[in-house]
Amino acid sequence: MELKTPLKDNVLERLKVGDKVFLNGVIYTARDAAHARLVELLKKGEETPFPLEGQVIYYVGPTPSKPGQVIGSAGPTTSYRMDPFAPLLLKNGLKGMIGKGARSEEVRESIKKFRAVYFAAVGGAAALISRSIKKAEVIAYPELGPEAVRKIEVQNFPVIVINDIYGNDLYEKGIRNYQKLEL
Amino acid sequence: MRKIDCVDITEAVAELVKDANVFLPDDVLKALKQGEREEESPVGKDIFRQIIKNNEIARNERMPICQDTGMAVVFVEIGNEIYIEGDLEKAINDGVRKGYQEGYLRKSIVNNPLKRVNTGDNTPAVIHCKLVRGEHLKITAAPKGGGSENMSIVKMLKPADGKEGVRRLVLETVLTAGANPCPPIIVGVGLGGSFEKAALLAKEALLRSLDDRNPDPDIASFEDSLLEEINKLGIGPQGLGGTKTALAVKINTFPCHIASLPVAININCHVARHKVIVL
């Protein structure tokens with residue numbers, strides 16, 4: 001299905017694990033160092049470089065763009081490193097996260113509690129994914145280089161629902177379906 | 001005695017890191033195509049297709065396959081009959097700097113593990129030198145991404161843990177890693193040596209061709225059985241469930257102390273990059 005950002009509650013209610021979604025609209029990039037700064041701002045009660053309400057954060061540090069390119073290769077980074085920061089962002093209105101790999105129990109609880117969604121993009125398919133990115137602009141922390149916060153506009157960015165508001169987890173479900181060896 | 005100029009080493013390293021990040025080795029591409037045919041999960045098959053398509057785009061448009069263009073790990077085999085004029089380490093780092101700049105590759109190195117300021121040019125490289133007989137200089141560049149490196153471990157087992165202990169550790173490590181290291185993965189295992197030797201053996205195992213056969217028949221069959229069992233764990237491509245979690249398991253061994261059984265497991269994502277040049 002196709003979705004437009006920012007994400008609304010009635011849309012989040014329809015999303016179920018395993019759904020293949022094509023995202024459209026503005027999303028923001030942030031990874032390790034930017035997350036630490038965003039959370040520091042929230043803890044001090046200061047304003048974040050972009051409004052969190054209804055927004056989606058993509059965990060990515062793209063390669064530099066070549067002349068004429070909107071962005072370089074831009075696949076997802078592993079999400080668990082953002083787990084210490086995600087619950088506070090969700091509490092402040094963040095509705096979607098895109099990355100790869102399983103989330104902590106605390107993040108999964110926050111996704112349920114604050115009604116949000118965690119999507120995975122295909123790790124390592126970075127050149128392919130860059131084709132879905134139509135605009136990109138650094139809006140905060142340029143000194144962080146690849147870790148700067150970018151506002152990007154995506155068109156039909158293919159992602160898959162890993163954690164929905166109902167507390168389901170696609171990684172757990174996926175493994176159960178194919179596991180023939182228990183440790 | 002043959003003289004090798006540092007300028008040539010810098011040029012060679014720059015080309016290696018640029019090429020390695022854009023062109024996947026043929027054996028890995030072949031394994032991905034085989035994976036697509038054999039994967040039983042429809043979602044997993046689709047992931048394989050996207051990965052293969054991504055490699056085609058990278059190749060055609062000279063774009064990095066993955067945004068994580070890695071830490072530059074460089075192996076150098078120095079023939080004892082050559083003479084290197086200048087500073088080898090500097091020549092390699094100059095090559096990394098040049099290649100990452102010219103190739104529009106991501107600069108992913110921070111200057112200090114705790115202070116964490118980006119060095120801005122992807123240096124320093126991790127360099128492993130080995131002195132061998134001969135009149136050549138062999139350089140292997142293996143850019144290594146953080147996601148799969150983070151899922152790697154070194155563990156000192158007891159000799160009594162034996163083969164079963166090694167088997168369990170490999171399977172547990174892969175299962176715990178789940179989707180994080182971007183499966184389908186390649187598993188490099190270092191068995192024996194000392195604490196640091198095991199880690200190096202595991203990294204070197206990742207440089208082997210996926211098509212090769214371990215010359216030790218016992219280890220070759222251990223590689224086969226581990227691959228089979230890993231693929232029964234159900235993790236699948238990108239951890240979404242499936243029958244192809246790993247493309248290969250490679251084990252490199254070394255004699256060890258009577259008290260020890262060192263095991264290192266170095267996981268590589270499907271973007272298994274390395275490129276070699278002999279000067």
# chains A, B, ... in the order shown; residues from 1 in each chain; ligands from 1
>>> residues_around(residues="Leu175 of chain B", least_positions_apart="6", cutoff="10 Å", atoms="only C-alpha atoms", output="PyMOL selection string")
(chain A and resi 175+182-183) or (chain B and resi 169+230+233-235+239+245)
>>> interface_residues(of="chain A", to="chain B", cutoff="6 Å", atoms="only C-alpha atoms", output="PDB file with N, CA and C atoms, in the first residue's frame")
ATOM      1  N   PRO A  62      24.053   8.520   4.489  1.00  0.00           N
ATOM      2  CA  PRO A  62      24.308   8.273   3.063  1.00  0.00           C
ATOM      3  C   PRO A  62      25.755   8.541   2.656  1.00  0.00           C
ATOM      4  N   THR A  63      26.140   8.012   1.494  1.00  0.00           N
ATOM      5  CA  THR A  63      27.438   8.379   0.925  1.00  0.00           C
ATOM      6  C   THR A  63      27.279   9.775   0.307  1.00  0.00           C
ATOM      7  N   PRO A  64      28.393  10.503   0.125  1.00  0.00           N
ATOM      8  CA  PRO A  64      28.295  11.831  -0.491  1.00  0.00           C
ATOM      9  C   PRO A  64      27.701  11.720  -1.898  1.00  0.00           C
ATOM     10  N   SER A  73      24.448   6.668  -2.121  1.00  0.00           N
ATOM     11  CA  SER A  73      23.801   5.425  -1.705  1.00  0.00           C
ATOM     12  C   SER A  73      23.252   5.625  -0.295  1.00  0.00           C
ATOM     13  N   ALA A  74      22.048   5.074  -0.048  1.00  0.00           N
ATOM     14  CA  ALA A  74      21.354   5.465   1.192  1.00  0.00           C
ATOM     15  C   ALA A  74      20.497   4.330   1.760  1.00  0.00           C
ATOM     16  N   GLY A  75      21.139   3.248   2.160  1.00  0.00           N
ATOM     17  CA  GLY A  75      20.407   2.141   2.777  1.00  0.00           C
ATOM     18  C   GLY A  75      20.341   2.306   4.294  1.00  0.00           C
ATOM     19  N   THR A  78      21.736  -0.310  11.228  1.00  0.00           N
ATOM     20  CA  THR A  78      21.119  -1.192  12.227  1.00  0.00           C
ATOM     21  C   THR A  78      20.463  -0.371  13.335  1.00  0.00           C
ATOM     22  N   GLY A 101      16.810  -4.609  11.525  1.00  0.00           N
ATOM     23  CA  GLY A 101      17.153  -5.362  12.724  1.00  0.00           C
ATOM     24  C   GLY A 101      16.177  -5.109  13.863  1.00  0.00           C
ATOM     25  N   GLY A 123      18.603  -3.782   3.939  1.00  0.00           N
ATOM     26  CA  GLY A 123      19.980  -3.425   4.258  1.00  0.00           C
ATOM     27  C   GLY A 123      20.911  -3.822   3.133  1.00  0.00           C
ATOM     28  N   GLY A 124      21.754  -2.884   2.723  1.00  0.00           N
ATOM     29  CA  GLY A 124      22.712  -3.178   1.657  1.00  0.00           C
ATOM     30  C   GLY A 124      22.171  -2.922   0.264  1.00  0.00           C
ATOM     31  N   ALA A 125      20.877  -2.529   0.160  1.00  0.00           N
ATOM     32  CA  ALA A 125      20.320  -2.199  -1.166  1.00  0.00           C
ATOM     33  C   ALA A 125      20.353  -0.681  -1.356  1.00  0.00           C
ATOM     34  N   ALA A 126      21.497  -0.096  -1.044  1.00  0.00           N
ATOM     35  CA  ALA A 126      21.609   1.355  -0.881  1.00  0.00           C
ATOM     36  C   ALA A 126      21.542   2.146  -2.181  1.00  0.00           C
ATOM     37  N   ALA A 127      22.050   1.567  -3.274  1.00  0.00           N
ATOM     38  CA  ALA A 127      22.004   2.260  -4.569  1.00  0.00           C
ATOM     39  C   ALA A 127      20.560   2.239  -5.079  1.00  0.00           C
ATOM     40  N   LEU A 128      19.905   1.101  -4.905  1.00  0.00           N
ATOM     41  CA  LEU A 128      18.503   0.953  -5.314  1.00  0.00           C
ATOM     42  C   LEU A 128      17.599   1.923  -4.543  1.00  0.00           C
ATOM     43  N   TYR A 171      10.020 -10.096  12.686  1.00  0.00           N
ATOM     44  CA  TYR A 171      11.223 -10.939  12.777  1.00  0.00           C
ATOM     45  C   TYR A 171      10.906 -12.240  13.526  1.00  0.00           C
ATOM     46  N   GLY A 174       8.601 -14.337  11.261  1.00  0.00           N
ATOM     47  CA  GLY A 174       9.327 -14.860  10.102  1.00  0.00           C
ATOM     48  C   GLY A 174      10.172 -16.067  10.462  1.00  0.00           C
ATOM     49  N   ILE A 175      10.904 -15.959  11.567  1.00  0.00           N
ATOM     50  CA  ILE A 175      11.766 -17.066  11.991  1.00  0.00           C
ATOM     51  C   ILE A 175      10.923 -18.287  12.340  1.00  0.00           C
ATOM     52  N   TYR A 178      10.048 -20.574   9.452  1.00  0.00           N
ATOM     53  CA  TYR A 178      11.073 -21.321   8.707  1.00  0.00           C
ATOM     54  C   TYR A 178      12.079 -22.050   9.590  1.00  0.00           C
ATOM     55  N   GLN A 179      11.969 -21.887  10.915  1.00  0.00           N
ATOM     56  CA  GLN A 179      12.964 -22.507  11.798  1.00  0.00           C
ATOM     57  C   GLN A 179      12.786 -24.028  11.867  1.00  0.00           C
ATOM     58  N   LYS A 180      13.886 -24.745  11.501  1.00  0.00           N
ATOM     59  CA  LYS A 180      13.837 -26.213  11.564  1.00  0.00           C
ATOM     60  C   LYS A 180      14.829 -26.724  12.588  1.00  0.00           C
ATOM     61  N   LEU A 181      15.563 -25.778  13.211  1.00  0.00           N
ATOM     62  CA  LEU A 181      16.553 -26.172  14.194  1.00  0.00           C
ATOM     63  C   LEU A 181      16.447 -25.254  15.401  1.00  0.00           C
TER      64      LEU A 181
END
>>> residues_around(residues="segment 23-33 of chain A", least_positions_apart="6", cutoff="8 Å", atoms="only C-alpha atoms", output="ChimeraX atom specification")
/A:2-6,55-61,77,81-82,144,147-159
>>> select_by_dssp(residues="segment 82-111 of chain A", states="strand (DSSP E or B)", output="MDAnalysis selection string")
chainID A and resid 96:100
>>> select_by_dssp(residues="segment 27-260 of chain B", states="alpha helix (DSSP H)", output="PyMOL selection string")
chain B and resi 27-38+42-61+88-102+146-149+162-177+195-205+217-230
>>> closest_residue(among="A:Val70, A:Leu170, A:Val138, A:Ile160", to="Ala121 of chain A", atoms="only C-alpha atoms")
A:Ile160
>>> residues_around(residues="Val278 of chain B", least_positions_apart="5", cutoff="8 Å", atoms="only C-alpha atoms", output="compact mmCIF listing (two decimals) with N, CA and C atoms, in the first residue's frame")
# COMPACT_ATOMS: atom_id res chain seq x y z
N HIS B 136 57.42 -9.51 -4.68
CA HIS B 136 56.14 -8.87 -5.00
C HIS B 136 55.58 -8.15 -3.79
N LEU B 137 54.58 -7.31 -4.05
CA LEU B 137 53.82 -6.66 -2.98
C LEU B 137 52.35 -6.92 -3.31
N LYS B 138 51.69 -7.68 -2.43
CA LYS B 138 50.29 -7.99 -2.68
C LYS B 138 49.44 -7.19 -1.71
N ILE B 139 48.49 -6.43 -2.25
CA ILE B 139 47.62 -5.61 -1.39
C ILE B 139 46.18 -6.07 -1.55
>>> residues_around(residues="segment 107-116 of chain A", least_positions_apart="4", cutoff="12 Å", atoms="only C-alpha atoms", output="PyMOL selection string")
chain A and resi 6-16+53-57+79-98+102-103+161-170
>>> write_last_selection(atoms="C-alpha atoms", output="JSON list (two decimals), in the first residue's frame")
[["chain", "number", "residue", "atom", "x", "y", "z"],
["A", 6, "PRO", "CA", 3.26, 12.63, 8.21],
["A", 7, "LEU", "CA", 1.57, 9.49, 9.55],
["A", 8, "LYS", "CA", -1.89, 9.77, 11.08],
["A", 9, "ASP", "CA", -3.43, 7.57, 13.75],
["A", 10, "ASN", "CA", -6.09, 6.12, 11.45],
["A", 11, "VAL", "CA", -3.36, 4.96, 9.06],
["A", 12, "LEU", "CA", -1.28, 3.42, 11.84],
["A", 13, "GLU", "CA", -4.33, 1.43, 12.96],
["A", 14, "ARG", "CA", -4.49, -0.22, 9.54],
["A", 15, "LEU", "CA", -0.82, -1.24, 9.41],
["A", 16, "LYS", "CA", 0.01, -4.87, 10.23],
["A", 53, "GLU", "CA", 4.79, 15.17, 15.63],
["A", 54, "GLY", "CA", 3.64, 12.56, 13.10],
["A", 55, "GLN", "CA", 7.08, 12.36, 11.50],
["A", 56, "VAL", "CA", 9.23, 9.45, 10.33],
["A", 57, "ILE", "CA", 12.97, 9.12, 11.01],
["A", 79, "SER", "CA", 18.39, 0.13, 14.50],
["A", 80, "TYR", "CA", 19.21, -1.27, 17.96],
["A", 81, "ARG", "CA", 21.84, 1.43, 18.46],
["A", 82, "MET", "CA", 19.02, 3.97, 18.47],
["A", 83, "ASP", "CA", 17.02, 1.96, 21.06],
["A", 84, "PRO", "CA", 18.24, 4.01, 24.05],
["A", 85, "PHE", "CA", 16.88, 7.17, 22.38],
["A", 86, "ALA", "CA", 13.75, 6.02, 20.54],
["A", 87, "PRO", "CA", 11.24, 5.87, 23.45],
["A", 88, "LEU", "CA", 11.66, 9.58, 24.28],
["A", 89, "LEU", "CA", 11.25, 10.54, 20.60],
["A", 90, "LEU", "CA", 8.11, 8.41, 20.39],
["A", 91, "LYS", "CA", 6.79, 10.02, 23.55],
["A", 92, "ASN", "CA", 7.25, 13.38, 21.84],
["A", 93, "GLY", "CA", 5.17, 12.46, 18.82],
["A", 94, "LEU", "CA", 7.48, 10.56, 16.45],
["A", 95, "LYS", "CA", 5.30, 8.09, 14.54],
["A", 96, "GLY", "CA", 7.64, 6.09, 12.35],
["A", 97, "MET", "CA", 11.18, 4.72, 12.25],
["A", 98, "ILE", "CA", 12.96, 3.06, 9.33],
["A", 102, "ALA", "CA", 15.18, -6.08, 15.88],
["A", 103, "ARG", "CA", 14.24, -3.47, 18.50],
["A", 161, "VAL", "CA", 6.21, -3.24, 8.65],
["A", 162, "ILE", "CA", 8.23, -4.98, 11.40],
["A", 163, "ASN", "CA", 6.45, -3.71, 14.53],
["A", 164, "ASP", "CA", 2.86, -2.48, 14.52],
["A", 165, "ILE", "CA", 0.70, -0.83, 17.21],
["A", 166, "TYR", "CA", -0.70, -4.26, 18.14],
["A", 167, "GLY", "CA", 2.62, -5.47, 19.52],
["A", 168, "ASN", "CA", 3.44, -7.90, 16.73],
["A", 169, "ASP", "CA", 6.99, -8.47, 15.47],
["A", 170, "LEU", "CA", 7.73, -9.65, 11.94]]
>>> closest_residue(among="B:Ile267, B:Ala141, B:Cys6, B:Ser209", to="Lys18 of chain B", atoms="only C-alpha atoms")
B:Ala141
>>> residues_around(residues="segment 252-263 of chain B", least_positions_apart="3", cutoff="10 Å", atoms="only C-alpha atoms", output="PyMOL selection string")
chain B and resi 153-163+165-166+169-170+188-206+208+214+216+219+266
>>> atom_distance(atom1="atom CA of Thr173 of chain B", atom2="atom CA of Phe222 of chain B")
16.5 Å
>>> atom_distance(atom1="atom CA of Val110 of chain B", atom2="atom CA of Gly95 of chain B")
18.1 Å
>>> atom_distance(atom1="atom CA of Val276 of chain B", atom2="atom CA of Leu24 of chain B")
12.4 Å
